[in-house]
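> I am attaching a structure below and will ask some questions about it afterwards.
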Amino acid sequence: MQINTFEELKNILKKENKEIYEIAQEIECQNLCLPKEDFRKLIKKTLDAMKEAIKNGLNNLQITNGKMGGQDCIKLVKNYQKAPSVFSKLFEKILTYALATSEENARMGKIVACPTAGACGIVPSVLISLFEELEIDDEKQINALIIAGLIGKIISFKVKPSGAIAGCQAECGTASAMAAGAAAYLLGGNINAILNSIALCIKNILGLTCDPVRGFVEVPCIKRNPFMAIHAMTAVELALAGIESVIPTDDVIDAMEQTGALMSPSLKESSLAGLAKTKTAIIMSKSCFTKRYYSEHSNK
Ligand code: SF4
């Protein structure tokens, strides 16, 4: 069985009277020829890898491979020690975990691509922060990641999650939608709230370009992860309050596909426009971009 659209998912849930994670689990067990227990073990292992990446990233001061990042997470952690976030502990965790994971990715550390390496901080930061702050048990943690996976899969039937194909809307946008849907589930949202979180999330990221400076997944990618994680939580809070997307979820995905197709190839991972062709980016590309350059500029 395959679920191609969110409308189909909604109808199946109604007909079978099951939870989303149960449907997704049945499909994946069938596809992977795995018994349920083994599939859930695999998901647990994936969650453990996400937690490990956060732990490693939080304690790492090493500059990233492209030398344009790597020390921002530690700055944020230190600042929160002096002055806690005006929002909440949850907010602090989401921002720091997202930065920790995406910096770790840019150091070529081990991360879970969800759906891609560039967007790897969004789903883990939202889910793991909620797990910790709401003291969510292991089984529900596994259910949440299964739901995030199904959301990513349905979106990717229409729009491939790749900056080169549809811009960053398709990478960070999909990750944000995956995080939003799973977070809505964790916070007790029903299928309508989950679908609205996804739609609101993607609607407000349509057209986001992919213009990585010097071709590295660092600028704007690393800092974009915490932004998109909070973007996901904004969608969840609105949807849980009963606020609906006027445009249904599947239509929003169609709009993302069309927007991606209309986007200039120079803004789709080719580094030929946007941030990648700013004055500073050009100087950086021409000069030997050293650790010293990074330190000088990061202290401004
Ligand atoms: S800007 Fe491009 S490379 Fe960076 S995260 Fe977005 S899609 Fe990936």
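Convention: chains lettered A, B, ... in structure tokens order; per-chain residue numbering from 1; ligands numbered from 1 as shown.
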Can you work out which residues are within 9 Å of ligand 1, considering only C-alpha atoms and all ligand atoms, and then hand them over as JSON, numbers by chain?
{"A": [116, 117, 118, 119, 120, 161, 162, 163, 164, 166, 167, 168, 169, 170, 171, 172, 173, 208, 209, 210, 211, 212, 213, 215, 216, 217, 218, 219, 220, 221, 222, 224, 225, 267, 268, 269]}
> Show me, as a tab-separated table, the residues of range 63-141 of chain A having an atom within 12 Å of range 278-289 of chain A, each with the closest atom pair and its distance in Å, using only C-alpha atoms.

residue	atom	partner	partner_atom	distance
A:Asn65	CA	A:Phe289	CA	11.2
A:Gly66	CA	A:Phe289	CA	8.5
A:Lys67	CA	A:Phe289	CA	7.5
A:Met68	CA	A:Phe289	CA	8.9
> Grab the CA of Ala98 in chain A to CA of Gly274 in chain A distance for me, in Å with one decimal place.
23.7 Å
> Show me, as a tab-separated table, the residues of range 86-126 of chain A having an atom within 12 Å of range 233-248 of chain A, each with the closest atom pair and its distance in Å, using only C-alpha atoms.

residue	atom	partner	partner_atom	distance
A:Leu90	CA	A:Met233	CA	10.4
A:Phe91	CA	A:Met233	CA	9.3
A:Ile94	CA	A:Met233	CA	9.5
A:Leu95	CA	A:Met233	CA	11.4
A:Ile122	CA	A:Met233	CA	10.5
A:Val123	CA	A:Met233	CA	10.8
A:Ser125	CA	A:Met233	CA	10.8
A:Val126	CA	A:Met233	CA	7.7
> Identify which of the residues A:Leu42, A:Met50, A:Leu195, A:Ile3 lies closest to Leu127 in chain A, counting only C-alpha atoms when measuring atom-to-atom distances.
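Of all the options, A:Met50 lies closest to Leu127 in chain A.
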> Could you pull the residues within 8 Å of Asn143 in chain A, counting only C-alpha atoms, minus those fewer than 4 positions along the same chain, as a list in words?
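So, after excluding close chain neighbours, the residues are Tyr21, Glu139 and Ile147 of chain A.
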> Report, in Å with one decimal, the straight-line distance from CA of Thr96 in chain A to CA of Leu76 in chain A.
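One can read the CA of Thr96 in chain A to CA of Leu76 in chain A distance as 6.7 Å.
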